[in-house]
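K.L.:
What follows is coords06.txt, compact mmCIF, C-alpha atoms.
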# COMPACT_ATOMS: atom_id res chain seq x y z
CA MET V 1 -56.48 115.00 -221.49
CA LYS V 2 -56.45 117.57 -224.19
CA LYS V 3 -54.07 117.10 -227.08
CA LEU V 4 -52.17 120.01 -228.38
CA SER V 5 -51.75 120.05 -232.13
CA LEU V 6 -49.02 122.13 -233.61
CA ILE V 7 -49.09 123.01 -237.28
CA PHE V 8 -45.85 124.19 -238.78
CA LEU V 9 -46.11 126.32 -241.88
CA MET V 10 -42.97 126.70 -243.96
CA GLY V 11 -42.75 129.24 -246.69
CA CYS V 12 -40.33 131.12 -248.82
CA VAL V 13 -40.69 134.35 -250.63
CA THR V 14 -38.13 135.16 -253.40
CA CYS V 15 -35.73 132.56 -252.04
CA GLY V 16 -33.98 132.12 -255.40
CA TYR V 17 -34.39 128.37 -255.63
CA ALA V 18 -34.61 126.98 -259.19
CA TYR V 19 -35.71 123.76 -260.76
CA ALA V 20 -35.00 122.61 -264.29
CA ASP V 21 -35.14 119.66 -266.56
CA ASP V 22 -31.83 118.12 -267.59
CA CYS V 23 -30.23 119.56 -270.69
CA THR V 24 -30.52 117.58 -273.88
CA ILE V 25 -28.15 117.25 -276.82
CA SER V 26 -29.51 116.93 -280.33
CA SER V 27 -28.75 113.49 -281.70
CA GLY V 28 -26.42 112.87 -284.59
CA THR V 29 -23.48 114.79 -285.99
CA LEU V 30 -25.37 116.63 -288.75
CA ARG V 31 -27.99 119.34 -288.53
CA GLY V 32 -29.91 119.67 -291.78
CA GLY V 33 -32.48 121.83 -293.46
CA ALA V 34 -33.98 122.30 -296.91
CA ILE V 35 -33.62 125.30 -299.20
CA SER V 36 -35.25 126.02 -302.55
CA PRO V 37 -33.73 129.35 -303.60
CA ALA V 38 -35.37 131.33 -306.38
CA ASN V 39 -33.74 133.01 -309.35
CA SER V 40 -33.05 136.68 -308.78
CA ALA V 41 -35.28 138.97 -310.81
CA SER V 42 -32.24 140.78 -312.17
CA THR V 43 -30.14 137.84 -313.34
CA THR V 44 -30.31 134.06 -313.59
CA HIS V 45 -26.73 133.87 -312.27
CA VAL V 46 -27.94 134.52 -308.72
CA TYR V 47 -30.25 132.35 -306.60
CA SER V 48 -31.63 134.02 -303.46
CA SER V 49 -32.98 132.13 -300.44
CA SER V 50 -35.23 132.85 -297.54
CA GLN V 51 -34.07 132.10 -294.03
CA VAL V 52 -33.53 128.50 -292.97
CA THR V 53 -33.40 127.58 -289.27
CA HIS V 54 -31.32 124.84 -287.68
CA GLY V 55 -32.94 124.17 -284.30
CA SER V 56 -31.46 123.82 -280.83
CA ILE V 57 -28.17 121.95 -280.68
CA VAL V 58 -28.04 121.92 -276.87
CA SER V 59 -31.25 122.71 -274.98
CA CYS V 60 -32.05 123.31 -271.31
CA ILE V 61 -35.81 123.74 -271.03
CA ALA V 62 -38.59 124.30 -268.47
CA LYS V 63 -36.32 126.21 -266.10
CA THR V 64 -37.59 128.32 -263.18
CA GLY V 65 -35.72 131.37 -261.97
CA SER V 66 -33.11 133.23 -263.94
CA SER V 67 -30.44 133.03 -261.26
CA ALA V 68 -29.77 129.39 -262.10
CA ASN V 69 -29.63 129.80 -265.88
CA GLY V 70 -26.66 128.24 -267.64
CA THR V 71 -23.86 129.88 -269.54
CA MET V 72 -23.22 129.39 -273.23
CA ALA V 73 -19.97 129.28 -275.19
CA SER V 74 -20.33 128.67 -278.92
CA SER V 75 -18.69 129.24 -282.27
CA LEU V 76 -19.20 128.49 -285.95
CA SER V 77 -16.20 127.55 -288.06
CA LEU V 78 -15.77 126.70 -291.73
CA THR V 79 -14.00 123.47 -290.75
CA GLY V 80 -15.53 120.57 -292.66
CA SER V 81 -17.51 122.87 -294.96
CA ASN V 82 -17.91 122.75 -298.74
CA ILE V 83 -16.50 126.28 -298.98
CA ASP V 84 -13.06 127.14 -300.40
CA THR V 85 -12.07 130.43 -298.75
CA SER V 86 -9.09 130.88 -301.08
CA SER V 87 -11.33 131.35 -304.13
CA SER V 88 -13.99 134.02 -304.42
CA THR V 89 -15.82 136.24 -306.87
CA THR V 90 -17.60 139.56 -306.42
CA TYR V 91 -20.96 140.20 -308.03
CA ASN V 92 -23.11 143.30 -307.42
CA SER V 93 -20.83 144.30 -304.52
CA THR V 94 -21.29 140.93 -302.76
CA THR V 95 -18.37 138.53 -302.24
CA TYR V 96 -19.22 134.89 -302.91
CA TYR V 97 -16.86 132.00 -302.05
CA LYS V 98 -16.29 128.84 -304.09
CA ILE V 99 -18.34 125.73 -303.43
CA VAL V 100 -16.18 122.58 -303.62
CA ASN V 101 -16.19 118.83 -303.00
CA THR V 102 -19.95 118.32 -303.10
CA GLY V 103 -19.78 115.62 -305.76
CA ASN V 104 -21.99 117.66 -308.11
CA GLU V 105 -19.96 118.58 -311.17
CA PHE V 106 -21.86 121.80 -311.88
CA LEU V 107 -21.71 123.15 -308.33
CA ASP V 108 -18.05 122.24 -307.95
CA ASN V 109 -17.16 123.90 -311.24
CA PHE V 110 -19.31 127.02 -311.21
CA GLY V 111 -21.03 127.46 -307.82
CA TYR V 112 -20.30 130.17 -305.21
CA ILE V 113 -22.00 130.97 -301.90
CA TYR V 114 -22.61 133.91 -299.58
CA PHE V 115 -24.59 133.80 -296.34
CA LYS V 116 -25.72 135.76 -293.34
CA VAL V 117 -25.99 133.75 -290.13
CA THR V 118 -27.70 134.59 -286.84
CA ASP V 119 -28.02 132.90 -283.47
CA ASN V 120 -31.65 131.80 -283.14
CA ASN V 121 -32.33 132.85 -279.54
CA SER V 122 -33.93 136.21 -280.26
CA SER V 123 -34.18 139.01 -282.79
CA SER V 124 -31.35 140.83 -281.01
CA SER V 125 -28.95 137.87 -281.13
CA PRO V 126 -25.47 138.29 -282.63
CA SER V 127 -25.02 137.74 -286.34
CA THR V 128 -22.30 137.76 -288.97
CA THR V 129 -21.65 137.08 -292.67
CA LEU V 130 -19.53 134.58 -294.53
CA PRO V 131 -16.97 137.23 -295.68
CA THR V 132 -16.57 138.37 -292.05
CA MET V 133 -15.91 134.79 -290.97
CA VAL V 134 -13.35 134.36 -293.76
CA SER V 135 -11.47 137.50 -292.69
CA ASN V 136 -11.40 136.08 -289.14
CA SER V 137 -9.60 132.86 -290.12
CA GLY V 138 -12.88 131.10 -290.90
CA LEU V 139 -14.31 131.46 -287.39
CA TRP V 140 -17.23 133.26 -285.74
CA THR V 141 -17.30 133.31 -281.92
CA ILE V 142 -21.00 133.57 -281.12
CA TYR V 143 -20.80 133.47 -277.30
CA SER V 144 -17.70 133.19 -275.11
CA SER V 145 -19.43 132.87 -271.71
CA VAL V 146 -22.92 134.33 -271.74
CA ALA V 147 -25.75 133.69 -269.27
CA ASN V 148 -29.45 133.28 -270.05
CA HIS V 149 -28.87 131.61 -273.42
CA PRO V 150 -29.41 127.93 -272.64
CA THR V 151 -30.49 126.99 -276.16
CA GLN V 152 -28.47 127.20 -279.34
CA GLY V 153 -29.33 127.06 -283.01
CA LEU V 154 -28.60 129.05 -286.13
CA LYS V 155 -30.54 130.89 -288.81
CA PHE V 156 -28.97 131.05 -292.28
CA THR V 157 -29.89 133.31 -295.17
CA PRO V 158 -27.74 132.07 -298.06
CA SER V 159 -27.51 133.18 -301.66
CA PHE V 160 -25.71 131.47 -304.53
CA TYR V 161 -23.88 132.70 -307.60
CA PHE V 162 -23.12 130.63 -310.69
CA SER V 163 -20.40 131.73 -313.09
CA LYS V 164 -22.31 129.73 -315.72
CA VAL V 165 -26.08 129.35 -315.92
CA PRO V 166 -27.47 125.85 -315.18
CA THR V 167 -30.08 124.38 -317.51
CA SER V 168 -31.33 121.54 -315.32
CA THR V 169 -32.48 121.13 -311.71
CA ILE V 170 -29.72 120.53 -309.16
CA THR V 171 -30.33 119.00 -305.72
CA GLN V 172 -27.31 118.78 -303.44
CA SER V 173 -26.36 118.95 -299.76
CA ILE V 174 -23.98 121.79 -298.92
CA ILE V 175 -22.12 121.91 -295.58
CA PHE V 176 -21.81 125.42 -294.13
CA GLY V 177 -19.40 124.56 -291.32
CA THR V 178 -19.10 123.13 -287.81
CA LEU V 179 -21.02 124.54 -284.85
CA THR V 180 -19.39 123.98 -281.46
CA ALA V 181 -21.74 124.59 -278.52
CA ASN V 182 -21.02 124.20 -274.80
CA VAL V 183 -23.72 124.83 -272.19
CA THR V 184 -22.86 124.77 -268.47
CA TYR V 185 -25.99 124.37 -266.40
CA SER V 186 -26.36 123.41 -262.73
CA GLY V 187 -22.72 122.35 -262.59
CA THR V 188 -22.79 120.14 -265.68
CA THR V 189 -21.40 120.99 -269.13
CA TYR V 190 -23.25 119.76 -272.21
CA SER V 191 -21.41 119.85 -275.55
CA ASN V 192 -22.09 119.17 -279.20
CA SER V 193 -20.17 119.87 -282.44
CA PRO V 194 -22.34 118.97 -285.44
CA LEU V 195 -21.78 119.84 -289.06
CA ILE V 196 -24.41 122.32 -290.24
CA TYR V 197 -25.76 121.70 -293.73
CA SER V 198 -28.76 122.18 -295.96
CA THR V 199 -30.04 120.26 -298.95
CA VAL V 200 -30.41 122.86 -301.68
CA THR V 201 -32.54 122.51 -304.83
CA PHE V 202 -31.78 124.91 -307.69
CA THR V 203 -34.44 125.10 -310.38
CA PRO V 204 -33.70 127.15 -313.52
CA VAL V 205 -36.41 129.40 -314.93
CA SER V 206 -38.72 127.29 -317.08
CA THR V 207 -37.75 129.00 -320.35
CA ASN V 208 -34.03 128.20 -319.86
CA THR V 209 -33.91 124.45 -319.32
CA CYS V 210 -32.44 121.52 -321.25
CA SER V 211 -32.93 117.78 -321.07
CA VAL V 212 -29.94 115.65 -322.07
CA GLN V 213 -30.91 112.36 -323.69
CA ASP V 214 -29.63 109.17 -322.06
CA THR V 215 -27.18 107.47 -324.42
CA SER V 216 -25.93 103.90 -324.30
CA VAL V 217 -22.64 103.06 -326.06
CA THR V 218 -21.63 99.46 -326.78
CA LEU V 219 -17.95 98.96 -327.55
CA PRO V 220 -16.99 95.87 -329.58
CA THR V 221 -15.42 92.78 -328.07
CA VAL V 222 -11.65 92.89 -328.61
CA ASN V 223 -8.80 90.50 -327.86
CA ILE V 224 -6.54 91.60 -324.99
CA SER V 225 -3.62 91.42 -327.43
CA ALA V 226 -4.94 94.67 -328.91
CA LEU V 227 -4.04 96.34 -325.62
CA SER V 228 -0.59 94.84 -325.24
CA THR V 229 1.22 98.02 -324.20
CA SER V 230 0.58 100.81 -321.73
CA GLY V 231 -1.43 103.61 -323.33
CA SER V 232 -2.70 101.49 -326.20
CA GLU V 233 -6.32 101.84 -327.32
CA ALA V 234 -8.79 99.64 -329.16
CA GLY V 235 -12.46 99.35 -330.08
CA ARG V 236 -13.05 102.98 -330.96
CA THR V 237 -16.81 103.59 -331.25
CA GLY V 238 -18.60 106.81 -332.19
CA PHE V 239 -21.75 108.07 -330.49
CA THR V 240 -23.83 111.23 -330.24
CA VAL V 241 -25.22 113.03 -327.20
CA SER V 242 -28.32 115.15 -327.86
CA ALA V 243 -30.34 117.62 -325.81
CA THR V 244 -33.72 119.28 -326.20
CA CYS V 245 -34.10 122.75 -324.69
CA SER V 246 -36.90 125.18 -323.95
CA SER V 247 -37.77 128.08 -326.24
CA GLY V 248 -35.76 130.61 -324.23
CA LEU V 249 -32.53 128.88 -325.30
CA ALA V 250 -33.09 128.98 -329.05
CA SER V 251 -29.90 129.81 -331.01
CA THR V 252 -27.82 129.74 -327.82
CA SER V 253 -24.18 128.64 -327.56
CA MET V 254 -23.98 125.78 -325.06
CA SER V 255 -21.04 124.40 -323.09
CA ALA V 256 -20.80 121.23 -321.01
CA VAL V 257 -18.91 119.35 -318.34
CA MET V 258 -18.53 115.57 -318.20
CA LEU V 259 -18.33 113.77 -314.86
CA ASP V 260 -17.14 110.27 -314.07
CA THR V 261 -20.29 108.98 -312.37
CA ASN V 262 -18.36 106.25 -310.56
CA ASN V 263 -15.68 108.63 -309.25
CA VAL V 264 -16.89 112.22 -308.98
CA SER V 265 -13.42 113.51 -308.01
CA ASN V 266 -11.85 112.10 -311.19
CA SER V 267 -10.24 114.91 -313.22
CA THR V 268 -8.32 112.72 -315.68
CA THR V 269 -9.36 111.72 -319.20
CA LEU V 270 -10.16 108.12 -318.20
CA LEU V 271 -13.55 106.89 -317.01
CA THR V 272 -13.45 104.36 -314.18
CA ASN V 273 -14.08 100.74 -315.18
CA THR V 274 -16.43 98.91 -312.81
CA GLY V 275 -16.37 95.69 -314.86
CA THR V 276 -14.30 92.56 -314.28
CA ALA V 277 -11.43 93.32 -316.70
CA THR V 278 -8.33 94.75 -315.01
CA ASP V 279 -5.97 97.54 -316.09
CA VAL V 280 -8.54 98.87 -318.59
CA SER V 281 -10.39 102.19 -318.60
CA VAL V 282 -12.62 103.99 -321.10
CA LYS V 283 -11.41 107.16 -322.81
CA VAL V 284 -13.77 109.64 -324.50
CA TYR V 285 -12.86 111.97 -327.38
CA ASP V 286 -14.74 114.82 -329.01
CA SER V 287 -15.27 115.11 -332.78
CA SER V 288 -11.89 116.82 -333.22
CA ASN V 289 -10.16 113.86 -331.53
CA THR V 290 -9.42 115.84 -328.35
CA PRO V 291 -9.70 113.79 -325.13
CA ILE V 292 -12.43 114.98 -322.77
CA THR V 293 -11.07 115.99 -319.37
CA LEU V 294 -13.49 114.95 -316.67
CA GLY V 295 -14.96 117.13 -313.92
CA GLY V 296 -12.79 119.63 -312.12
CA SER V 297 -12.65 123.39 -312.41
CA GLY V 298 -11.99 124.66 -315.91
CA ASN V 299 -12.64 121.34 -317.62
CA SER V 300 -15.67 122.47 -319.59
CA PHE V 301 -15.92 122.14 -323.36
CA THR V 302 -17.98 123.59 -326.20
CA PHE V 303 -21.09 121.52 -326.85
CA GLY V 304 -22.69 123.41 -329.74
CA THR V 305 -25.35 125.98 -330.61
CA THR V 306 -29.02 125.15 -330.27
CA SER V 307 -31.34 125.34 -333.24
CA SER V 308 -34.05 127.96 -333.59
CA GLY V 309 -37.74 127.39 -332.93
CA SER V 310 -39.91 126.65 -329.92
CA THR V 311 -38.12 123.38 -329.00
CA PRO V 312 -34.46 123.93 -329.93
CA THR V 313 -32.08 120.98 -329.99
CA VAL V 314 -28.33 120.55 -329.93
CA SER V 315 -26.07 117.51 -330.47
CA LYS V 316 -22.40 116.68 -330.18
CA LYS V 317 -20.44 113.72 -331.55
CA PHE V 318 -18.02 111.78 -329.38
CA ALA V 319 -16.01 108.55 -329.56
CA ALA V 320 -15.10 106.06 -326.83
CA THR V 321 -12.23 103.56 -326.72
CA TYR V 322 -10.78 100.92 -324.44
CA TYR V 323 -7.58 102.26 -322.87
CA ARG V 324 -4.74 100.23 -321.33
CA ASN V 325 -3.68 101.87 -318.07
CA GLY V 326 -0.37 100.09 -317.67
CA SER V 327 -0.51 100.22 -313.88
CA THR V 328 -1.21 96.54 -313.19
CA THR V 329 -1.68 93.19 -314.93
CA LEU V 330 -4.07 93.17 -317.89
CA SER V 331 -6.80 90.51 -317.70
CA ALA V 332 -9.84 89.76 -319.84
CA GLY V 333 -13.37 90.48 -318.64
CA THR V 334 -16.15 93.03 -318.90
CA VAL V 335 -15.67 96.79 -319.11
CA SER V 336 -18.32 99.17 -317.79
CA ALA V 337 -18.09 102.93 -317.32
CA LYS V 338 -20.60 105.74 -316.87
CA ALA V 339 -20.45 109.49 -317.45
CA THR V 340 -22.82 112.37 -316.75
CA VAL V 341 -23.02 115.39 -319.07
CA SER V 342 -24.38 118.72 -317.82
CA LEU V 343 -25.12 121.66 -320.12
CA PHE V 344 -24.88 125.37 -319.32
CA TYR V 345 -24.58 128.71 -321.06
CA ASN V 346 -22.82 131.97 -320.26
Would you put the structure from the file into structure tokens?
P.N.:
Amino acid sequence: MKKLSLIFLMGCVTCGYAYADDCTISSGTLRGGAISPANSASTTHVYSSSQVTHGSIVSCIAKTGSSANGTMASSLSLTGSNIDTSSSTTYNSTTYYKIVNTGNEFLDNFGYIYFKVTDNNSSSSPSTTLPTMVSNSGLWTIYSSVANHPTQGLKFTPSFYFSKVPTSTITQSIIFGTLTANVTYSGTTYSNSPLIYSTVTFTPVSTNTCSVQDTSVTLPTVNISALSTSGSEAGRTGFTVSATCSSGLASTSMSAVMLDTNNVSNSTTLLTNTGTATDVSVKVYDSSNTPITLGGSGNSFTFGTTSSGSTPTVSKKFAATYYRNGSTTLSAGTVSAKATVSLFYN
């Protein structure tokens, strides 16, 4: 008997079927980058940066066939950012907005930011600027429901303006805002809402730098009876803070800000005590017996004028005392406080 073999061939031409890997969501709640902006050639008040890219937040890769591509809805808001939209300055026709709450006393006092931001899908992707976002209640809608954009990231081109000129290197993370991305692909929605930030390093031009000398101050041991009432002080001790600057700052008037290292948001005149004594702080005065107000906008003070020569120096005298807070029970123990002094010029 002969056997009959049947071979069935199945084929499909332009059937529209699609296959794709699952979408992935970038891990973590922060998306970082690194920026080292350079001084503008025209002024040391402005630091200009090249573009920094924050990669895909939600990604659907290795897809076949455009008919099954997902849809994207995404927006960038200033929620959670280090940008105060109520405070701005205009320089060379560009509006810069105040940088706040970074924990760096110089940035929080004198730093401003402007940026352009672009979706990273292609050269023709939508883009906007920080001032445009501010005028739109701090929000930029990138996509509302757009097909064929199954990846999402951002490209930033920031620039920075300082109302005072820094004299030492600053490295600090700055949060630009919150990116909300939703990708619907093959019936499933993938979402992520990370904070977008970059670690920025500002380096002054080499001829305009200063190095502040570390200074240790030892207050005398006093009996707690010397601090018997609220607001009383004891153990006043003088000290001097000195700085050596580069040749470009010879005969230059310098100003400074003082930060409570143990509490960067402290804008009082009392340094935080991290020792074992209770109800005691440390208060610092300048040579005219004026208390130094810590951190905060507008709390700068005159430091002095540098000497002439190739390695100019400048010094300022201060005094520190124990201070009775009067907010709780006074007890004996150790007192330890730490301050950071940053110099700048106009």
K.L.:
Where does range 198-310 of chain V meet range 93-116 of chain V within 12 Å, residue by residue, with the nearest atom pair and distance in Å to one decimal for each, counting all atoms listed in the file, listed by chain and rising number, as a Markdown table?
P.N.:
| residue | atom | partner | partner_atom | distance |
| --- | --- | --- | --- | --- |
| V:Ser198 | CA | V:Thr102 | CA | 12.0 |
| V:Thr199 | CA | V:Thr102 | CA | 11.1 |
| V:Val200 | CA | V:Leu107 | CA | 11.0 |
| V:Thr201 | CA | V:Leu107 | CA | 11.4 |
| V:Phe202 | CA | V:Leu107 | CA | 10.2 |
| V:Ser255 | CA | V:Phe106 | CA | 11.5 |
| V:Ala256 | CA | V:Phe106 | CA | 9.2 |
| V:Val257 | CA | V:Glu105 | CA | 7.3 |
| V:Met258 | CA | V:Glu105 | CA | 7.8 |
| V:Leu259 | CA | V:Glu105 | CA | 6.3 |
| V:Asp260 | CA | V:Glu105 | CA | 9.2 |
| V:Thr261 | CA | V:Gly103 | CA | 9.4 |
| V:Asn262 | CA | V:Gly103 | CA | 10.6 |
| V:Asn263 | CA | V:Gly103 | CA | 8.8 |
| V:Val264 | CA | V:Gly103 | CA | 5.5 |
| V:Ser265 | CA | V:Gly103 | CA | 7.1 |
| V:Asn266 | CA | V:Gly103 | CA | 10.2 |
| V:Ser267 | CA | V:Glu105 | CA | 10.6 |
| V:Leu294 | CA | V:Glu105 | CA | 9.2 |
| V:Gly295 | CA | V:Glu105 | CA | 5.9 |
| V:Gly296 | CA | V:Asn109 | CA | 6.2 |
| V:Ser297 | CA | V:Asn109 | CA | 4.7 |
| V:Gly298 | CA | V:Asn109 | CA | 7.0 |
| V:Asn299 | CA | V:Asn109 | CA | 8.2 |
| V:Ser300 | CA | V:Asn109 | CA | 8.6 |
K.L.:
Separation of CA of Pro37 in chain V and CA of Pro131 in chain V, in Å?
P.N.:
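So the two atoms, CA of Pro37 in chain V and CA of Pro131 in chain V, lie 20.1 Å apart.
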K.L.:
Give me the residues within 9 Å of range 71-81 of chain V as a ChimeraX atom specification, counting only C-alpha atoms and dropping any in the same chain fewer than 6 places off.
P.N.:
/V:99-100,133-134,137-152,174-185,195-197
K.L.:
Measuring between all atoms listed in the file, which one of V:Thr321, V:Thr329, V:Asn120, V:Ser307 shows the shortest distance to Ile57 in chain V?
P.N.:
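Selected residue with least distance to Ile57 in chain V: V:Asn120.
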K.L.:
Can you work out the spacing between CA of Phe162 in chain V and CA of Thr89 in chain V in Å, to one decimal?
P.N.:
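CA of Phe162 in chain V sits 10.0 Å away from CA of Thr89 in chain V.
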K.L.:
Could you give me range 85-97 of chain V completed to N, CA, C and O atoms, formatted as a PDB file, in the frame of the given file?
P.N.:
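Okay, this is what ended up in part.pdb:
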ATOM      1  N   THR V  85     -12.247 129.011-299.067  1.00  0.00           N
ATOM      2  CA  THR V  85     -12.070 130.430-298.750  1.00  0.00           C
ATOM      3  C   THR V  85     -10.955 131.088-299.559  1.00  0.00           C
ATOM      4  O   THR V  85     -10.817 132.308-299.522  1.00  0.00           O
ATOM      5  N   SER V  86     -10.177 130.299-300.287  1.00  0.00           N
ATOM      6  CA  SER V  86      -9.090 130.880-301.080  1.00  0.00           C
ATOM      7  C   SER V  86      -9.559 131.319-302.462  1.00  0.00           C
ATOM      8  O   SER V  86      -8.806 131.933-303.212  1.00  0.00           O
ATOM      9  N   SER V  87     -10.810 131.009-302.803  1.00  0.00           N
ATOM     10  CA  SER V  87     -11.330 131.350-304.130  1.00  0.00           C
ATOM     11  C   SER V  87     -12.665 132.063-303.975  1.00  0.00           C
ATOM     12  O   SER V  87     -13.581 131.558-303.322  1.00  0.00           O
ATOM     13  N   SER V  88     -12.759 133.249-304.556  1.00  0.00           N
ATOM     14  CA  SER V  88     -13.990 134.020-304.420  1.00  0.00           C
ATOM     15  C   SER V  88     -14.254 134.820-305.680  1.00  0.00           C
ATOM     16  O   SER V  88     -13.385 134.958-306.546  1.00  0.00           O
ATOM     17  N   THR V  89     -15.461 135.337-305.787  1.00  0.00           N
ATOM     18  CA  THR V  89     -15.820 136.240-306.870  1.00  0.00           C
ATOM     19  C   THR V  89     -16.754 137.296-306.307  1.00  0.00           C
ATOM     20  O   THR V  89     -17.485 137.039-305.333  1.00  0.00           O
ATOM     21  N   THR V  90     -16.727 138.478-306.871  1.00  0.00           N
ATOM     22  CA  THR V  90     -17.600 139.560-306.420  1.00  0.00           C
ATOM     23  C   THR V  90     -18.614 139.884-307.501  1.00  0.00           C
ATOM     24  O   THR V  90     -18.260 140.070-308.668  1.00  0.00           O
ATOM     25  N   TYR V  91     -19.879 139.919-307.099  1.00  0.00           N
ATOM     26  CA  TYR V  91     -20.960 140.200-308.030  1.00  0.00           C
ATOM     27  C   TYR V  91     -21.936 141.149-307.351  1.00  0.00           C
ATOM     28  O   TYR V  91     -22.414 140.878-306.246  1.00  0.00           O
ATOM     29  N   ASN V  92     -22.216 142.283-307.995  1.00  0.00           N
ATOM     30  CA  ASN V  92     -23.110 143.300-307.420  1.00  0.00           C
ATOM     31  C   ASN V  92     -22.717 143.663-305.994  1.00  0.00           C
ATOM     32  O   ASN V  92     -23.548 143.733-305.084  1.00  0.00           O
ATOM     33  N   SER V  93     -21.405 143.857-305.798  1.00  0.00           N
ATOM     34  CA  SER V  93     -20.830 144.300-304.520  1.00  0.00           C
ATOM     35  C   SER V  93     -20.878 143.245-303.413  1.00  0.00           C
ATOM     36  O   SER V  93     -20.589 143.544-302.256  1.00  0.00           O
ATOM     37  N   THR V  94     -21.252 142.010-303.744  1.00  0.00           N
ATOM     38  CA  THR V  94     -21.290 140.930-302.760  1.00  0.00           C
ATOM     39  C   THR V  94     -20.200 139.918-303.081  1.00  0.00           C
ATOM     40  O   THR V  94     -20.045 139.504-304.227  1.00  0.00           O
ATOM     41  N   THR V  95     -19.430 139.516-302.058  1.00  0.00           N
ATOM     42  CA  THR V  95     -18.370 138.530-302.240  1.00  0.00           C
ATOM     43  C   THR V  95     -18.914 137.129-301.987  1.00  0.00           C
ATOM     44  O   THR V  95     -19.442 136.846-300.905  1.00  0.00           O
ATOM     45  N   TYR V  96     -18.796 136.282-302.996  1.00  0.00           N
ATOM     46  CA  TYR V  96     -19.220 134.890-302.910  1.00  0.00           C
ATOM     47  C   TYR V  96     -17.967 134.004-302.906  1.00  0.00           C
ATOM     48  O   TYR V  96     -16.997 134.286-303.613  1.00  0.00           O
ATOM     49  N   TYR V  97     -18.002 132.906-302.128  1.00  0.00           N
ATOM     50  CA  TYR V  97     -16.860 132.000-302.050  1.00  0.00           C
ATOM     51  C   TYR V  97     -17.190 130.667-302.724  1.00  0.00           C
ATOM     52  O   TYR V  97     -18.330 130.224-302.735  1.00  0.00           O
TER      53      TYR V  97
END
